[in-house]
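Okay, model_33.pdb now, which holds PDB, C-alpha atoms:
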ATOM      1  CA  GLY A 400       0.000   0.000   0.000
ATOM      2  CA  ARG A 401       0.930   3.682  -0.043
ATOM      3  CA  PRO A 402       3.252   4.778   2.715
ATOM      4  CA  ARG A 403       1.693   7.113   5.155
ATOM      5  CA  SER A 404       2.953  10.654   4.962
ATOM      6  CA  GLN A 405       4.884  11.472   8.038
ATOM      7  CA  ALA A 406       3.563  14.589   9.690
ATOM      8  CA  THR A 407       6.256  16.967  10.760
ATOM      9  CA  THR A 408       6.042  18.061  14.360
ATOM     10  CA  HIS A 409       7.086  21.535  15.352
ATOM     11  CA  ALA A 410       8.247  22.310  18.846
ATOM     12  CA  ARG A 411       5.947  24.802  20.541
ATOM     13  CA  GLN A 412       7.766  28.028  21.100
ATOM     14  CA  PRO A 413       7.367  29.509  24.628
ATOM     15  CA  SER A 414       5.434  32.790  24.694
ATOM     16  CA  PHE A 415       7.001  35.698  26.548
ATOM     17  CA  ALA A 416       4.273  38.074  27.688
ATOM     18  CA  MET A 417       5.321  41.659  28.259
ATOM     19  CA  PRO A 418       4.865  42.692  31.890
ATOM     20  CA  ARG A 419       2.162  45.244  32.564
ATOM     21  CA  THR A 420       3.329  48.770  33.145
ATOM     22  CA  ARG A 421       2.762  49.873  36.695
ATOM     23  CA  TYR A 422       2.473  53.554  37.429
ATOM     24  CA  VAL A 423       3.515  54.802  40.846
ATOM     25  CA  THR A 424       2.411  58.218  42.086
ATOM     26  CA  LEU A 425       5.461  59.753  43.718
ATOM     27  CA  SER A 426       3.462  62.566  45.291
ATOM     28  CA  LYS A 427       1.217  60.147  47.191
ATOM     29  CA  THR A 428       2.087  59.946  50.873
ATOM     30  CA  ARG A 429       0.951  57.518  53.513
ATOM     31  CA  LYS A 430      -0.779  58.657  56.660
ATOM     32  CA  GLN A 431       1.610  58.778  59.574
ATOM     33  CA  GLY A 432      -0.906  57.321  62.003
ATOM     34  CA  GLN A 433      -0.505  57.302  65.758
ATOM     35  CA  LYS A 434       3.287  56.888  65.624
ATOM     36  CA  GLY A 435       3.698  59.970  63.441
ATOM     37  CA  LYS A 436       1.439  62.053  65.677
ATOM     38  CA  GLN A 437       3.243  60.940  68.809
ATOM     39  CA  LYS A 438       6.591  61.739  67.194
ATOM     40  CA  LEU A 439       5.413  65.298  66.431
ATOM     41  CA  ILE A 440       4.118  65.719  69.996
ATOM     42  CA  ASP A 441       7.440  64.531  71.453
ATOM     43  CA  THR A 442       9.410  66.833  69.121
ATOM     44  CA  VAL A 443       7.315  69.871  70.070
ATOM     45  CA  ARG A 444       7.708  69.196  73.783
ATOM     46  CA  ASP A 445      11.434  68.595  73.392
ATOM     47  CA  CYS A 446      11.790  71.973  71.659
ATOM     48  CA  LEU A 447       9.844  73.648  74.458
ATOM     49  CA  GLU A 448      12.718  72.752  76.760
ATOM     50  CA  LYS A 449      15.300  74.209  74.362
ATOM     51  CA  HIS A 450      13.589  77.534  73.482
ATOM     52  CA  HIS A 451      12.458  80.310  75.783
ATOM     53  CA  ALA A 452       9.620  81.758  73.653
ATOM     54  CA  VAL A 453       6.678  80.522  71.573
ATOM     55  CA  VAL A 454       5.065  82.657  68.855
ATOM     56  CA  VAL A 455       1.923  81.630  66.962
ATOM     57  CA  LEU A 456       1.913  83.012  63.399
ATOM     58  CA  GLU A 457      -1.119  83.301  61.127
ATOM     59  CA  LEU A 458      -0.268  82.567  57.480
ATOM     60  CA  HIS A 459      -1.804  84.506  54.594
ATOM     61  CA  ASN A 460      -1.538  83.307  50.966
ATOM     62  CA  LEU A 461       0.704  80.409  51.899
ATOM     63  CA  ARG A 462       3.654  79.730  49.554
ATOM     64  CA  SER A 463       6.159  76.949  50.214
ATOM     65  CA  GLY A 464       9.066  78.821  48.611
ATOM     66  CA  HIS A 465       8.724  81.790  50.966
ATOM     67  CA  LEU A 466       8.359  79.465  53.962
ATOM     68  CA  LYS A 467      11.649  77.847  53.038
ATOM     69  CA  ASP A 468      13.341  81.258  53.001
ATOM     70  CA  ILE A 469      11.927  82.043  56.458
ATOM     71  CA  ARG A 470      13.173  78.742  57.853
ATOM     72  CA  LEU A 471      16.678  79.407  56.523
ATOM     73  CA  LYS A 472      16.746  82.936  57.937
ATOM     74  CA  TRP A 473      15.811  81.851  61.480
ATOM     75  CA  ASN A 474      17.472  78.441  61.368
ATOM     76  CA  ALA A 475      20.174  79.281  63.936
ATOM     77  CA  THR A 476      17.852  80.243  66.793
ATOM     78  CA  SER A 477      14.365  79.008  65.948
ATOM     79  CA  ARG A 478      12.219  76.041  64.959
ATOM     80  CA  PHE A 479       8.936  76.160  62.999
ATOM     81  CA  PHE A 480       6.138  73.607  63.272
ATOM     82  CA  PHE A 481       3.459  73.153  60.604
ATOM     83  CA  GLY A 482       1.175  70.300  61.601
ATOM     84  CA  LYS A 483      -2.397  69.304  62.245
ATOM     85  CA  ASN A 484      -3.815  71.835  64.684
ATOM     86  CA  LYS A 485      -5.429  69.225  66.967
ATOM     87  CA  VAL A 486      -2.103  67.393  67.328
ATOM     88  CA  MET A 487      -0.264  70.655  67.999
ATOM     89  CA  GLN A 488      -2.806  71.533  70.691
ATOM     90  CA  VAL A 489      -2.264  68.152  72.345
ATOM     91  CA  ALA A 490       1.501  68.769  72.257
ATOM     92  CA  LEU A 491       0.948  72.026  74.139
ATOM     93  CA  GLY A 492      -1.148  70.253  76.789
ATOM     94  CA  SER A 493      -4.796  70.471  75.718
ATOM     95  CA  LYS A 494      -5.579  66.975  77.109
ATOM     96  CA  GLU A 495      -2.920  66.221  79.720
ATOM     97  CA  GLY A 496      -2.881  69.629  81.354
ATOM     98  CA  GLU A 497      -0.246  72.352  81.131
ATOM     99  CA  VAL A 498       3.116  71.215  79.831
ATOM    100  CA  LYS A 499       4.483  74.541  81.046
ATOM    101  CA  THR A 500       2.880  77.337  83.024
ATOM    102  CA  GLY A 501       0.736  79.606  80.856
ATOM    103  CA  LEU A 502       0.841  77.468  77.703
ATOM    104  CA  ASP A 503      -2.917  76.848  77.956
ATOM    105  CA  ASN A 504      -3.348  80.477  76.808
ATOM    106  CA  VAL A 505      -1.625  79.606  73.514
ATOM    107  CA  ILE A 506      -3.883  76.654  72.616
ATOM    108  CA  PRO A 507      -6.929  78.692  71.366
ATOM    109  CA  TYR A 508      -4.626  80.474  68.879
ATOM    110  CA  VAL A 509      -3.547  77.216  67.211
ATOM    111  CA  ALA A 510      -6.374  77.201  64.665
ATOM    112  CA  GLY A 511      -6.849  77.889  60.980
ATOM    113  CA  THR A 512      -3.789  78.311  58.771
ATOM    114  CA  CYS A 513      -1.048  78.904  61.307
ATOM    115  CA  CYS A 514       2.314  77.697  62.518
ATOM    116  CA  ILE A 515       4.169  77.622  65.826
ATOM    117  CA  MET A 516       7.565  79.274  66.075
ATOM    118  CA  MET A 517       9.830  78.382  68.998
ATOM    119  CA  THR A 518      12.754  80.715  69.309
ATOM    120  CA  ASN A 519      15.682  81.868  71.420
ATOM    121  CA  SER A 520      15.875  85.210  69.600
ATOM    122  CA  PRO A 521      14.708  88.381  71.382
ATOM    123  CA  VAL A 522      10.894  88.488  71.273
ATOM    124  CA  GLU A 523      10.707  92.121  70.176
ATOM    125  CA  GLU A 524      13.080  91.412  67.299
ATOM    126  CA  VAL A 525      10.865  88.528  66.141
ATOM    127  CA  LEU A 526       7.663  90.584  66.372
ATOM    128  CA  LYS A 527       9.198  93.536  64.539
ATOM    129  CA  PHE A 528      10.351  91.304  61.693
ATOM    130  CA  PHE A 529       7.049  89.505  61.135
ATOM    131  CA  ASN A 530       4.912  92.632  61.544
ATOM    132  CA  GLU A 531       6.889  94.222  58.703
ATOM    133  CA  TYR A 532       7.329  91.080  56.604
ATOM    134  CA  SER A 533       5.276  90.722  53.410
ATOM    135  CA  VAL A 534       6.129  89.404  49.949
ATOM    136  CA  PRO A 535       4.010  90.148  46.837
ATOM    137  CA  ASP A 536       3.118  87.031  44.891
ATOM    138  CA  TYR A 537       0.899  85.809  42.086
ATOM    139  CA  ALA A 538      -2.737  85.186  42.968
ATOM    140  CA  ARG A 539      -4.192  81.726  42.571
ATOM    141  CA  SER A 540      -7.591  80.485  41.469
ATOM    142  CA  GLY A 541     -10.297  81.520  43.939
ATOM    143  CA  PHE A 542      -8.424  84.599  45.149
ATOM    144  CA  VAL A 543     -10.608  87.713  45.260
ATOM    145  CA  ALA A 544      -9.171  90.311  42.868
ATOM    146  CA  THR A 545      -7.840  93.427  44.592
ATOM    147  CA  SER A 546      -8.137  95.604  41.453
ATOM    148  CA  ASP A 547      -9.262  95.622  37.849
ATOM    149  CA  PHE A 548      -6.791  94.571  35.180
ATOM    150  CA  VAL A 549      -7.424  95.367  31.526
ATOM    151  CA  VAL A 550      -5.268  94.450  28.513
ATOM    152  CA  PRO A 551      -5.529  97.197  25.848
ATOM    153  CA  PRO A 552      -5.528  96.368  22.117
ATOM    154  CA  GLY A 553      -2.140  96.323  20.438
ATOM    155  CA  GLU A 554       1.066  94.345  20.167
ATOM    156  CA  LEU A 555       2.485  92.058  22.854
ATOM    157  CA  PRO A 556       6.205  91.989  22.016
ATOM    158  CA  GLN A 557       7.090  90.414  25.391
ATOM    159  CA  PHE A 558       5.622  87.085  24.223
ATOM    160  CA  ASP A 559       7.042  84.745  21.608
ATOM    161  CA  HIS A 560       4.806  84.067  18.603
ATOM    162  CA  SER A 561       4.429  80.431  19.696
ATOM    163  CA  MET A 562       2.485  81.658  22.764
ATOM    164  CA  GLU A 563      -0.408  82.971  20.669
ATOM    165  CA  PRO A 564      -2.560  79.784  20.693
ATOM    166  CA  TYR A 565      -2.072  79.438  24.445
ATOM    167  CA  LEU A 566      -3.068  83.062  25.136
ATOM    168  CA  ARG A 567      -6.139  82.598  22.965
ATOM    169  CA  LYS A 568      -6.998  79.436  24.905
ATOM    170  CA  LEU A 569      -6.873  81.455  28.139
ATOM    171  CA  GLY A 570      -9.496  83.812  26.699
ATOM    172  CA  LEU A 571      -7.358  86.659  25.371
ATOM    173  CA  PRO A 572      -8.557  87.798  21.892
ATOM    174  CA  THR A 573      -5.305  87.592  19.929
ATOM    175  CA  GLU A 574      -3.989  87.107  16.412
ATOM    176  CA  LEU A 575      -0.607  86.948  14.692
ATOM    177  CA  LYS A 576       0.534  89.826  12.458
ATOM    178  CA  THR A 577       3.944  89.487  10.842
ATOM    179  CA  GLY A 578       5.068  87.153  13.592
ATOM    180  CA  VAL A 579       3.979  89.429  16.456
ATOM    181  CA  ILE A 580       1.066  88.680  18.812
ATOM    182  CA  ASN A 581      -1.638  91.354  18.677
ATOM    183  CA  VAL A 582      -4.606  91.875  21.003
ATOM    184  CA  VAL A 583      -7.602  92.433  18.746
ATOM    185  CA  SER A 584      -9.790  94.272  21.257
ATOM    186  CA  GLU A 585      -9.645  95.485  24.832
ATOM    187  CA  TYR A 586      -9.946  92.596  27.253
ATOM    188  CA  THR A 587     -10.796  92.716  30.974
ATOM    189  CA  VAL A 588      -8.818  89.982  32.694
ATOM    190  CA  CYS A 589     -10.377  90.463  36.150
ATOM    191  CA  GLN A 590     -12.603  92.805  38.112
ATOM    192  CA  LEU A 591     -12.246  94.160  41.634
ATOM    193  CA  GLY A 592     -13.926  92.005  44.282
ATOM    194  CA  LYS A 593     -14.569  88.954  42.080
ATOM    195  CA  PRO A 594     -12.884  85.540  42.556
ATOM    196  CA  LEU A 595     -10.330  84.545  39.947
ATOM    197  CA  THR A 596     -10.748  81.599  37.622
ATOM    198  CA  PRO A 597      -7.709  79.407  36.784
ATOM    199  CA  GLU A 598      -7.461  81.124  33.371
ATOM    200  CA  GLN A 599      -7.533  84.607  34.897
ATOM    201  CA  ALA A 600      -4.911  83.673  37.483
ATOM    202  CA  LYS A 601      -2.610  82.370  34.740
ATOM    203  CA  LEU A 602      -3.060  85.512  32.616
ATOM    204  CA  LEU A 603      -2.203  87.719  35.608
ATOM    205  CA  GLN A 604       0.957  85.676  36.124
ATOM    206  CA  LEU A 605       1.928  85.992  32.455
ATOM    207  CA  PHE A 606       1.476  89.768  32.653
ATOM    208  CA  ASP A 607       3.446  89.881  35.952
ATOM    209  CA  GLN A 608       0.528  91.168  38.045
ATOM    210  CA  ARG A 609       1.116  90.212  41.696
ATOM    211  CA  MET A 610      -2.153  90.713  43.577
ATOM    212  CA  ALA A 611      -1.554  88.362  46.506
ATOM    213  CA  THR A 612       0.722  89.063  49.465
ATOM    214  CA  PHE A 613       2.360  86.358  51.549
ATOM    215  CA  SER A 614       2.640  87.328  55.215
ATOM    216  CA  MET A 615       2.999  85.773  58.659
ATOM    217  CA  ALA A 616       1.140  87.813  61.275
ATOM    218  CA  PRO A 617       1.959  87.203  64.981
ATOM    219  CA  LEU A 618      -1.127  86.241  67.008
ATOM    220  CA  CYS A 619       0.346  85.728  70.459
ATOM    221  CA  VAL A 620       3.638  85.361  72.347
ATOM    222  CA  TRP A 621       4.415  83.086  75.272
ATOM    223  CA  THR A 622       7.501  83.086  77.458
ATOM    224  CA  GLU A 623       8.144  81.331  80.750
ATOM    225  CA  SER A 624       7.371  84.568  82.593
ATOM    226  CA  SER A 625       4.519  86.104  80.541
ATOM    227  CA  PHE A 626       1.850  85.735  77.863
ATOM    228  CA  ARG A 627       0.814  88.429  75.416
ATOM    229  CA  ALA A 628      -2.193  88.282  73.069
ATOM    230  CA  LEU A 629      -1.637  90.400  69.963
ATOM    231  CA  LYS A 630      -4.907  89.555  68.143
ATOM    232  CA  PRO A 631      -8.164  87.772  69.047
ATOM    233  CA  ALA A 632      -7.829  83.983  68.989
ATOM    234  CA  PRO A 633      -9.549  82.242  66.033
ATOM    235  CA  GLU A 634     -11.176  79.691  68.355
ATOM    236  CA  LEU A 635     -12.526  82.458  70.584
ATOM    237  CA  LYS A 636     -13.922  84.208  67.496
ATOM    238  CA  LYS A 637     -15.868  81.059  66.588
ATOM    239  CA  GLN A 638     -17.268  80.757  70.085
ATOM    240  CA  GLN A 639     -18.304  84.410  70.042
ATOM    241  CA  LYS A 640     -20.082  83.928  66.701
ATOM    242  CA  ARG A 641     -22.004  80.955  68.096
ATOM    243  CA  LYS A 642     -23.062  82.964  71.143
ATOM    244  CA  THR A 643     -24.192  85.842  68.909
ATOM    245  CA  LYS A 644     -26.246  83.484  66.721
ATOM    246  CA  LYS A 645     -27.909  81.970  69.785
ATOM    247  CA  ALA A 646     -28.684  85.423  71.184
ATOM    248  CA  ASP A 647     -30.159  86.568  67.871
ATOM    249  CA  ALA A 648     -32.263  83.400  67.643
ATOM    250  CA  GLY A 649     -33.561  83.953  71.171
ATOM    251  CA  ASP A 650     -34.419  87.621  70.617
ATOM    252  CA  SER A 651     -36.359  87.105  67.379
ATOM    253  CA  GLY A 652     -39.859  85.823  68.153
ATOM    254  CA  ASP A 653     -40.821  85.329  64.535
ATOM    255  CA  GLU A 654     -38.704  82.211  64.091
ATOM    256  CA  SER A 655     -40.572  78.896  63.970
ATOM    257  CA  ASP A 656     -39.755  75.808  66.017
ATOM    258  CA  SER A 657     -38.518  74.056  62.893
ATOM    259  CA  GLY A 658     -35.956  76.796  62.399
ATOM    260  CA  ASP A 659     -34.711  76.338  65.971
ATOM    261  CA  GLU A 660     -34.445  72.608  65.403
ATOM    262  CA  SER A 661     -32.369  73.116  62.257
ATOM    263  CA  ASP A 662     -30.036  75.493  64.100
ATOM    264  CA  SER A 663     -29.573  73.017  66.945
ATOM    265  CA  SER A 664     -28.971  70.186  64.490
ATOM    266  CA  ASP A 665     -26.255  72.239  62.766
ATOM    267  CA  GLU A 666     -24.576  72.890  66.112
ATOM    268  CA  ASN A 667     -24.781  69.197  66.965
ATOM    269  CA  LYS A 668     -23.149  68.368  63.644
ATOM    270  CA  GLU A 669     -20.282  70.768  64.429
ATOM    271  CA  ASP A 670     -19.884  69.238  67.900
ATOM    272  CA  ASP A 671     -19.906  65.709  66.444
ATOM    273  CA  LYS A 672     -17.272  66.765  63.908
ATOM    274  CA  ASP A 673     -15.033  68.158  66.673
ATOM    275  CA  GLU A 674     -15.453  64.961  68.694
ATOM    276  CA  LYS A 675     -14.585  62.859  65.629
ATOM    277  CA  ASP A 676     -11.399  64.899  65.039
ATOM    278  CA  GLU A 677     -10.407  64.436  68.664
ATOM    279  CA  GLU A 678     -10.983  60.668  68.453
ATOM    280  CA  GLU A 679      -8.751  60.491  65.367
ATOM    281  CA  ASP A 680      -5.961  62.300  67.208
ATOM    282  CA  GLU A 681      -6.134  60.002  70.243
TER     283      GLU A 681
END
Represent the supplied structure as structure tokens.
Amino acid sequence: GRPRSQATTHARQPSFAMPRTRYVTLSKTRKQGQKGKQKLIDTVRDCLEKHHAVVVLELHNLRSGHLKDIRLKWNATSRFFFGKNKVMQVALGSKEGEVKTGLDNVIPYVAGTCCIMMTNSPVEEVLKFFNEYSVPDYARSGFVATSDFVVPPGELPQFDHSMEPYLRKLGLPTELKTGVINVVSEYTVCQLGKPLTPEQAKLLQLFDQRMATFSMAPLCVWTESSFRALKPAPELKKQQKRKTKKADAGDSGDESDSGDESDSSDENKEDDKDEKDEEEDE
């Protein structure tokens, strides 16, 4: 008979699958947890033993670059702490009692956007510096404009021609004429008293308009022998507002019971929120 055709066998080649690309966010940080909080508390209390004065500073238009300059300037005699306010209050003795005599007066001032400065420099020298310190900077989105800014029609020689599409994207009515950017018609970038959009903030930066001012205003000063309040404490302001609201609600007889219930429920929500924050810090 006919010989059977021998089928050729091919060895199966191994398949090498490309590994999946994994993206890692470098800016993502893990929560420090209880160990991190306790470390901050211990560091603050350790510095209290090494410095004779504590100054609470209120920050306006916070910028990390300017903060770095301040740290370098006072590095020889001072230490700055920027942390969660509840943790900072615990470090100063809000739960365990006074760490040092008179420090309980400082605790109400540790609220909002602030930092604690511990220093061995003369107190008057520190206060004089920060009362006079201010640095103009570019406003960011959401900042309330301090003045009107209008771009008149005409050439913009300070910008390269390649910037024209970007300026137009930001809302500026522009066109190219012989390689030079021209503003077609008068354009109002921002108006006094109105919050800035991201596009408006970027245009102000491109035109070098610095509306914001970075500053660090002293709120209070503590030393081992005295305490001086320079401005009303933020926490005391909140308490005063609550008392005023309650007084106004009591005086007005036209308010319905449902309105009183809604007010009390709002206050309860605020109290629950404070309790939750405290539980997280414990």
Which is closer to Asp607 of chain A than all the others in A:Thr577, A:Asn484, A:Thr512, A:Gln557, using all atoms listed in the file?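 Smallest distance to Asp607 of chain A is found for A:Gln557.
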Of the candidates A:Met615, A:His451, A:Gly464, A:Glu598, which shows the shortest atom-to-atom distance to Tyr565 of chain A, using all atoms listed in the file? A:Glu598
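Residue nearest Ala510 of chain A, chosen from A:Thr545, A:Ser493, A:Gln488, A:Thr596 and counting all atoms listed in the file: A:Gln488.
Applied to this file, the PyMOL selection byres ((chain A and resi 507) around 9) selects Gln488, Asp503, Asn504, Val505, Ile506, Tyr508, Val509, Ala510, Ala632, Pro633, Glu634 and Leu635 of chain A.
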Measuring atom to atom with all atoms listed in the file, identify which of A:Phe613, A:Phe479, A:Phe528, A:Phe558 is nearest to Arg462 of chain A.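 Among A:Phe613, A:Phe479, A:Phe528, A:Phe558, it is A:Phe613 that comes nearest to Arg462 of chain A.
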Could you please determine the separation between atom CA of Tyr532 of chain A and atom CA of Gly592 of chain A in Å, to one decimal place?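 According to the coordinates, atom CA of Tyr532 of chain A and atom CA of Gly592 of chain A are separated by 24.6 Å.
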Do you know which residues the PyMOL selection byres ((chain A and resi 538) around 12) returns on this file, as a compact mmCIF listing (two decimals) with C-alpha atoms, in the coordinates of the input?
# COMPACT_ATOMS: atom_id res chain seq x y z
CA HIS A 459 -1.80 84.51 54.59
CA ASN A 460 -1.54 83.31 50.97
CA LEU A 461 0.70 80.41 51.90
CA ARG A 462 3.65 79.73 49.55
CA PRO A 535 4.01 90.15 46.84
CA ASP A 536 3.12 87.03 44.89
CA TYR A 537 0.90 85.81 42.09
CA ARG A 539 -4.19 81.73 42.57
CA SER A 540 -7.59 80.48 41.47
CA GLY A 541 -10.30 81.52 43.94
CA PHE A 542 -8.42 84.60 45.15
CA VAL A 543 -10.61 87.71 45.26
CA ALA A 544 -9.17 90.31 42.87
CA THR A 545 -7.84 93.43 44.59
CA SER A 546 -8.14 95.60 41.45
CA CYS A 589 -10.38 90.46 36.15
CA PRO A 594 -12.88 85.54 42.56
CA LEU A 595 -10.33 84.54 39.95
CA THR A 596 -10.75 81.60 37.62
CA PRO A 597 -7.71 79.41 36.78
CA GLU A 598 -7.46 81.12 33.37
CA GLN A 599 -7.53 84.61 34.90
CA ALA A 600 -4.91 83.67 37.48
CA LYS A 601 -2.61 82.37 34.74
CA LEU A 602 -3.06 85.51 32.62
CA LEU A 603 -2.20 87.72 35.61
CA GLN A 604 0.96 85.68 36.12
CA LEU A 605 1.93 85.99 32.46
CA ASP A 607 3.45 89.88 35.95
CA GLN A 608 0.53 91.17 38.04
CA ARG A 609 1.12 90.21 41.70
CA MET A 610 -2.15 90.71 43.58
CA ALA A 611 -1.55 88.36 46.51
CA THR A 612 0.72 89.06 49.46
CA PHE A 613 2.36 86.36 51.55
Which residues, written as an NGL selection string, have at least one atom at most 10 Å from Ser561 of chain A, with only C-alpha atoms counted and residues fewer than 6 positions away on the same chain left out? :A and (575 or 578-580)
May I ask which of the residues A:Lys630, A:Asn581, A:Pro551, A:Leu439 is the closest one to Glu563 of chain A, counting only C-alpha atoms? A:Asn581
Check what the PyMOL selection byres ((chain A and resi 583) around 8) selects in the file above and give those residues as number ranges by chain. A: 552-553, 572-574, 581-582, 584-585
Pick out the closest residue to Tyr586 of chain A from this set: A:Pro617, A:Gly570, A:Pro631, A:Gly482. Count all atoms listed in the file.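 Closest to Tyr586 of chain A, using all atoms listed in the file: A:Gly570.
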Compile the contact shell of Ile515 of chain A as an MDAnalysis selection string: residues with an atom at most 7 Å away, counting all atoms listed in the file, same-chain residues fewer than 2 positions apart removed. chainID A and resid 453:456 479:481 517
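In this model, the gap between atom CA of Gly501 of chain A and atom CA of Ser477 of chain A comes to 20.2 Å.
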Grab the atom CA of Ser625 of chain A to atom CA of Asn474 of chain A distance for me, in Å with one decimal place.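 Atom CA of Asn474 of chain A lies at a distance of 24.4 Å from atom CA of Ser625 of chain A.
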Neighbouring residues of segment 441-444 of chain A were defined as those with any atom within 12 Å, considering only C-alpha atoms; residues of the same chain fewer than 2 positions away were excluded. Please report them as an MDAnalysis selection string. chainID A and resid 434:439 446:450 453 478:482 486:492 497:499 502 514:517
Select all residues near (-7.8, 93.3, 31.3) (cut-off 6 Å, inclusive, file coordinates), counting all atoms listed in the file, and output them as a PyMOL selection string. chain A and resi 548-550+586-588
